[in-house]
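Asker: Just dropping this structure here.
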Amino acid sequence: MVKYRSISKSYGDVQVLNKIDLDIMPGEKVAVIGPSGSGKTTLARMLMTLEQPTAGTIEVDGEMLWHEEKGGRFVTAGEKHLHRVRSKIGMVFQHFNLFPHMTIMRNVTEAPMYVLGLDRETAEQRAYEMLSKVGLADKLAEYPSRLSGGQKQRVAIARAVVMRPKIMLFDEATSALDPELVGEVLAVIKDLAAQGDMAMMLITHEMDFARDIADRIIFTDGGSIVEQGTPEQIFENPQSPRLQAFLSRFRQTWFMGNGLQQVSPSAE
Ligand SMILES: Nc1ncnc2c1ncn2[C@@H]1O[C@H](COP(=O)(O)OP(=O)(O)OP(=O)(O)O)[C@@H](O)[C@H]1O
Ligand SMILES: [Mg+2]
């Protein structure tokens with residue numbers, strides 16, 4: 001479904017990703033964990049075509065993402081090509097980015113109508129199904145400013161999934177939420193994951209959640225994938241000293257936070 005091949009990314013002299021190889025299978029749920037600054041968001045942003053790799057290739061569903069064939073050779077892709085391949089990918093960020101002047105219904109029908117070209121009735125039908133799935137069928141006519149953070153994030157998820165992407169990216173989708181709202185959003189993501197056919201890349205500090213829904217966990221540090229494996233391998237039997245240190249630091253923060261001052265694990 002997705003193939004990163006020898007992907008590097010630098011900003012000026014600073015290399016933030018170093019020759020990453022990563023495959024995500026159709027329907028596979030991959031969680032990405034790792035210290036702050038290790039390159040997790042950059043990895044997702046390149047797939048979402050928000051950042052261009054400095055070197056390497058990314059393939060999505062059998063097609064090059066950042067390159068297209070012209071006259072027998074691969075050249076940097078134009079906007080039209082990027083746009084087409086990008087339509088196979090959906091993303092939800094930390095901050096919801098809903099359109100404030102549009103109702104919830106219109107927030108969700110906008111892209112199906114203007115990007116996929118669906119007529120209003122079909123788009124609203126699809127949007128209604130999605131908004132029901134995320135528990136917001138009673139908020140169709142509301143504006144974003146009147147929703148809680150958790151509700152807004154559920155709209156953001158509906159808005160991405162209504163496009164029927166082949167892969168969904170979640171980058172810290174719950175870390176801007178008040179702790180009591182995290183659960184409802186994780187539950188929606190978990191439901192989507194259980195439906196099966198959509199691949200997912202989940203960047204998260206919620207270790208229990210990663211363990212719960214991921215088929216595979218990727219641990220990044222210093223711009224490289226340092227270790228990967230099943231949740232059992234990663235959490236029960238980490239091999240590299242860096243992953244061991246990360247997990248023990250994480251457990252300590254989590255334990256102290258919960259024991260002393262109710263800091264959520266995402267405060268790591
Ligand atoms: N636009 C940019 N210009 C310069 N440096 C950047 C830019 N975006 C990211 N970086 C740097 O790239 C590195 C990786 O950033 P990235 O956001 O991918 O990390 P992350 O693993 O997502 O971290 P976090 O867990 O804090 O979200 C960091 O050192 C960051 O400062
Ligand atoms: Mg990040």
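Going by the structure tokens order, chains are called A, B, ..., each with residues numbered from 1, while ligands are numbered from 1 in the order shown.
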From a DSSP pass on the backbone, collect the residues of stretch 39-260 of chain A flagged as alpha helix (DSSP H) and hand them back as number ranges by chain.
Answerer: A: 40-47, 79-86, 104-114, 120-133, 149-161, 179-195, 207-213, 231-236, 241-256
Asker: Excluding A:Ile217 and residues on its chain fewer than 4 positions from it, collect all residues at most 7 Å away from it, counting only C-alpha atoms, and give them as a ChimeraX atom specification.
Answerer: /A:30-32,228-231,234
Asker: Using only C-alpha atoms, determine which residues lie at most 7 Å from stretch 92-101 of chain A, disregarding the query and same-chain residues fewer than 3 positions distant; provide the list as a list in words.
Answerer: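 The contact residues come out as Asn107, Tyr143, Pro144, Ser145, Lys152, Gln153, Ala156, Ile157, Leu169, Phe170, Asp171, Glu172, Ala173, Thr174, Ser175 and Ala176 of chain A.
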Asker: Would you mind exporting C-alpha atoms of the selected residues as a compact mmCIF listing (two decimals), in the first residue's frame?
Answerer:
```txt
# COMPACT_ATOMS: atom_id res chain seq x y z
CA ASN A 107 -17.51 20.58 6.71
CA TYR A 143 -21.11 25.23 13.80
CA PRO A 144 -17.68 24.07 14.99
CA SER A 145 -17.42 26.79 17.65
CA LYS A 152 -14.51 18.67 16.76
CA GLN A 153 -11.87 16.02 16.45
CA ALA A 156 -12.24 15.98 11.57
CA ILE A 157 -12.06 12.19 11.48
CA LEU A 169 -2.74 9.12 9.08
CA PHE A 170 -3.31 10.25 12.63
CA ASP A 171 -0.67 12.56 14.10
CA GLU A 172 -1.20 12.92 17.85
CA ALA A 173 -4.91 13.17 17.18
CA THR A 174 -5.71 13.35 20.89
CA SER A 175 -2.80 15.26 22.38
CA ALA A 176 -4.46 18.69 22.23
```
Asker: Rounded to one decimal in Å, what is the spacing between atom CA of A:Glu51 and atom 7 (C, counted along the ligand's line) of ligand 1?
Answerer: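 Pair atom CA of A:Glu51 / atom 7 (C, counted along the ligand's line) of ligand 1 returns 9.3 Å.
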Asker: Would you tabulate, counting only C-alpha atoms and all ligand atoms, all residues of chain A that have an atom at most 9 Å from an atom of ligand 2, showing the closest pair of atoms and their distance in Å to one decimal, sorted by chain then ascending number, as CSV?
Answerer:
```
residue,atom,partner,partner_atom_place_in_ligand_line,distance
A:Ser36,CA,ligand 2,1 (Mg),6.8
A:Gly37,CA,ligand 2,1 (Mg),7.0
A:Ser38,CA,ligand 2,1 (Mg),8.3
A:Gly39,CA,ligand 2,1 (Mg),7.0
A:Lys40,CA,ligand 2,1 (Mg),5.5
A:Thr41,CA,ligand 2,1 (Mg),4.0
A:Thr42,CA,ligand 2,1 (Mg),7.3
A:Ala44,CA,ligand 2,1 (Mg),8.9
A:Gln94,CA,ligand 2,1 (Mg),8.9
A:Asp171,CA,ligand 2,1 (Mg),6.7
A:Glu172,CA,ligand 2,1 (Mg),7.1
A:Ile203,CA,ligand 2,1 (Mg),7.6
A:Thr204,CA,ligand 2,1 (Mg),8.7
```
Asker: Identify which of the residues A:Lys80, A:His67, A:Arg86, A:Lys29 lies closest to A:Met48, counting only C-alpha atoms when measuring atom-to-atom distances.
Answerer: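 Comparing A:Lys80, A:His67, A:Arg86, A:Lys29 against A:Met48, the winner is A:Arg86.
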Asker: Pick out each residue of stretch 110-243 of chain A that DSSP on the backbone tags as strand (DSSP E or B); I need them as a list in words.
Answerer: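 Filtering stretch 110-243 of chain A to strand (DSSP E or B) leaves Ile167, Met168, Leu169, Phe170, Asp171, Ala199, Met200, Met201, Leu202, Ile203, Arg216, Ile217, Ile218, Phe219, Thr220, Asp221, Ser224, Ile225, Val226, Glu227, Gln228 and Gly229 of chain A.
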Asker: Here is a test: counting only C-alpha atoms and all ligand atoms, which residue of A:Met25, A:Met46, A:Met91, A:Leu116 is nearest to ligand 1?
Answerer: A:Met46
Asker: Within 8 Å of A:Met105, counting only C-alpha atoms, which residues show up once you throw out same-chain ones fewer than 6 positions away? Write them as a list in words, please.
Answerer: Glu124, Ala127, Tyr128, Leu140 and Ala141 of chain A
Asker: Would you kindly return, as a list of chain:residue names, each protein, DNA or RNA residue with an atom no farther than 7 Å from any atom of A:Asp61, considering only C-alpha atoms and excluding same-chain residues fewer than 2 positions away?
Answerer: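 Non-adjacent residues within range: A:Met1, A:Val2, A:Glu59, A:Glu63.
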Asker: Counting only C-alpha atoms and all ligand atoms, figure out which residue out of A:Asn237, A:Thr220, A:Gln244, A:Thr109 gets nearest to ligand 1.
Answerer: A:Thr220
